[in-house]
Each structure stands twice: as C-alpha cells, then as structure tokens.
Amino acid sequence: MHRALRLYEELDPQDGIESMLARQMIGIQNAQHGCLYKAMHPEQSLKARVAYLDKAARLSEVFLKQVQALDKHRGHASYRVTVEHVTIGSGGQAIVGNVSQQGAKGSDAPKGNSNALKHGLYSGQHLNWRRDVNALLRNASKTLRDL
C-alpha cells in the first residue's frame, strides 16, 4: 500500500482527471506485475504461463497509452504537422490550419471570436483528449475483464 501511495505522489496529479488516471495507472501496473508473478510460478503449466504473459503484455500496452494520455493532458505530447504545396505571393501571409470566422457551435461566442475554438471544455483539443481517455478506459476495462 505504501508503494502505491508513493507512486501516486510521484505522478503528482494536478486535477481530478490526472488523479483518476494516476490511480488507474497504478492499478494497471499492479495487475501487470501480478500476471508476471503468476507466469513465473514454478508449478505453472506452459499454457498458463503463455496466457499470463499475454495478459501482462496487453496490460503493458494499456499502461503506455495511459502515460501518453497523461502527457497529452499535461500538454507534453508532441505533434507533427506536414504541410505540402504552399504558395505565397510577394508580401503575402499564410495561415496553416483550420480557419473559422465564428465561434464553436453552442459556445455563444460572438462571430470572429477565435478564442472560442481554442479554450474550454468543448475545444477540439479537449474533445480529442476526452475521446482518447474514454477509449483507454474501455480498453483497460476489457483487459481487466479478460483477466
């Protein structure tokens, strides 16, 4: 129990989402270690060893996705943008990305308010992050049910 608390403190969650994710990460890691322990038991059959090692590998994948989700939530995720075929005339300026003259749907932002697309619970970044976390939770739940 002390180890779990120490790991939780080392993850240093800054909000409720990070707190939930940190607890899930510790649970997944403990489940992975349990599978590895059972796989290495001397009286374990080869079939059972393979099954436990497979579950440990899947739990490891879930853990890595959780680390990525935490990094993305904290703004540490890396992004790569590839731009092809841009032509700018003399004295011109270019904008790379989606351009909108109005706020996000349902935000009641005035027309031309670009901040409505960048901030808040319904920003594209936050919606993508929530989709990633929900997919991660579904995957973790399925893996734990399979144990």
# chains A, B, ... in the order shown; residues from 1 in each chain; ligands from 1
$ residues_around --residues "Ala22 in chain A" --least-positions-apart "3" --cutoff "12 Å" --atoms "only C-alpha atoms" --output "NGL selection string"
:A and (4-19 or 25-29 or 63 or 66-67 or 69-71)
$ write_last_selection --atoms "N, CA and C atoms" --output "CSV table (one decimal), in the first residue's frame"
chain,number,residue,atom,x,y,z
A,4,ALA,N,2.1,2.0,-3.5
A,4,ALA,CA,1.1,2.7,-4.3
A,4,ALA,C,0.9,4.2,-4.0
A,5,LEU,N,0.9,4.5,-2.7
A,5,LEU,CA,0.9,5.9,-2.3
A,5,LEU,C,2.1,6.7,-2.8
A,6,ARG,N,3.3,6.1,-2.7
A,6,ARG,CA,4.5,6.7,-3.2
A,6,ARG,C,4.4,7.0,-4.7
A,7,LEU,N,4.0,5.9,-5.4
A,7,LEU,CA,3.8,6.1,-6.9
A,7,LEU,C,2.8,7.2,-7.2
A,8,TYR,N,1.7,7.2,-6.5
A,8,TYR,CA,0.7,8.3,-6.7
A,8,TYR,C,1.3,9.6,-6.5
A,9,GLU,N,2.0,9.8,-5.4
A,9,GLU,CA,2.6,11.1,-5.1
A,9,GLU,C,3.7,11.5,-6.2
A,10,GLU,N,4.4,10.5,-6.7
A,10,GLU,CA,5.4,10.8,-7.7
A,10,GLU,C,4.7,11.2,-9.0
A,11,LEU,N,3.5,10.7,-9.3
A,11,LEU,CA,2.8,11.1,-10.5
A,11,LEU,C,2.3,12.6,-10.4
A,12,ASP,N,2.2,13.0,-9.2
A,12,ASP,CA,1.8,14.4,-8.8
A,12,ASP,C,0.6,14.9,-9.7
A,13,PRO,N,-0.6,14.3,-9.5
A,13,PRO,CA,-1.7,14.7,-10.2
A,13,PRO,C,-2.1,16.2,-9.9
A,14,GLN,N,-2.5,16.9,-10.9
A,14,GLN,CA,-2.8,18.4,-10.7
A,14,GLN,C,-4.3,18.7,-10.7
A,15,ASP,N,-5.1,17.7,-11.2
A,15,ASP,CA,-6.6,17.9,-11.2
A,15,ASP,C,-7.3,16.6,-11.1
A,16,GLY,N,-8.6,16.6,-11.1
A,16,GLY,CA,-9.3,15.3,-10.9
A,16,GLY,C,-9.1,14.3,-12.0
A,17,ILE,N,-8.9,14.7,-13.3
A,17,ILE,CA,-8.7,13.8,-14.4
A,17,ILE,C,-7.3,13.1,-14.1
A,18,GLU,N,-6.3,13.9,-13.8
A,18,GLU,CA,-5.0,13.4,-13.6
A,18,GLU,C,-5.0,12.4,-12.4
A,19,SER,N,-5.8,12.7,-11.4
A,19,SER,CA,-5.9,11.9,-10.2
A,19,SER,C,-6.5,10.5,-10.5
A,25,MET,N,-3.5,4.0,-13.5
A,25,MET,CA,-2.1,3.6,-13.9
A,25,MET,C,-1.5,2.7,-12.9
A,26,ILE,N,-1.7,3.0,-11.6
A,26,ILE,CA,-1.1,2.2,-10.6
A,26,ILE,C,-1.8,0.9,-10.5
A,27,GLY,N,-3.1,0.9,-10.7
A,27,GLY,CA,-3.8,-0.4,-10.7
A,27,GLY,C,-3.4,-1.3,-11.9
A,28,ILE,N,-3.3,-0.7,-13.1
A,28,ILE,CA,-2.8,-1.5,-14.2
A,28,ILE,C,-1.4,-2.0,-14.0
A,29,GLN,N,-0.6,-1.2,-13.5
A,29,GLN,CA,0.8,-1.7,-13.2
A,29,GLN,C,0.8,-2.8,-12.2
A,63,PHE,N,-1.0,0.5,-20.1
A,63,PHE,CA,-0.2,1.4,-19.3
A,63,PHE,C,0.5,2.5,-20.2
A,66,GLN,N,-1.9,5.0,-21.2
A,66,GLN,CA,-2.2,5.9,-20.1
A,66,GLN,C,-1.2,7.0,-19.9
A,67,VAL,N,0.1,6.6,-20.0
A,67,VAL,CA,1.2,7.5,-19.9
A,67,VAL,C,1.0,8.6,-21.0
A,69,ALA,N,-1.7,9.5,-22.6
A,69,ALA,CA,-2.9,10.3,-22.3
A,69,ALA,C,-2.5,11.4,-21.2
A,70,LEU,N,-1.8,10.9,-20.2
A,70,LEU,CA,-1.4,11.9,-19.1
A,70,LEU,C,-0.5,13.0,-19.7
A,71,ASP,N,0.5,12.6,-20.5
A,71,ASP,CA,1.4,13.6,-21.2
A,71,ASP,C,0.5,14.5,-22.1
$ residues_around --residues "Asp54 in chain A" --least-positions-apart "3" --cutoff "12 Å" --atoms "only C-alpha atoms" --output "PyMOL selection string"
chain A and resi 32+35-36+38-39+47-51+57-61+143+146-147
$ atom_distance --atom1 "CA of Arg131 in chain A" --atom2 "CA of Thr82 in chain A"
23.3 Å
$ atom_distance --atom1 "CA of Ser45 in chain A" --atom2 "CA of Asn139 in chain A"
27.4 Å
$ closest_residue --among "A:His41, A:His2, A:His73, A:Arg23" --to "Asp132 in chain A" --atoms "only C-alpha atoms"
A:His73
$ residues_around --residues "Gly75 in chain A" --least-positions-apart "6" --cutoff "12 Å" --atoms "only C-alpha atoms" --output "PyMOL selection string"
chain A and resi 68-69+125-126+129
$ write_last_selection --atoms "C-alpha atoms" --output "PDB file, in the first residue's frame"
ATOM      1  CA  GLN A  68       0.543   9.083 -23.359  1.00  0.00           C
ATOM      2  CA  ALA A  69      -2.886  10.326 -22.252  1.00  0.00           C
ATOM      3  CA  GLN A 125      -8.062  19.549 -28.144  1.00  0.00           C
ATOM      4  CA  HIS A 126     -10.146  18.797 -25.051  1.00  0.00           C
ATOM      5  CA  TRP A 129      -8.310  14.174 -25.212  1.00  0.00           C
TER       6      TRP A 129
END
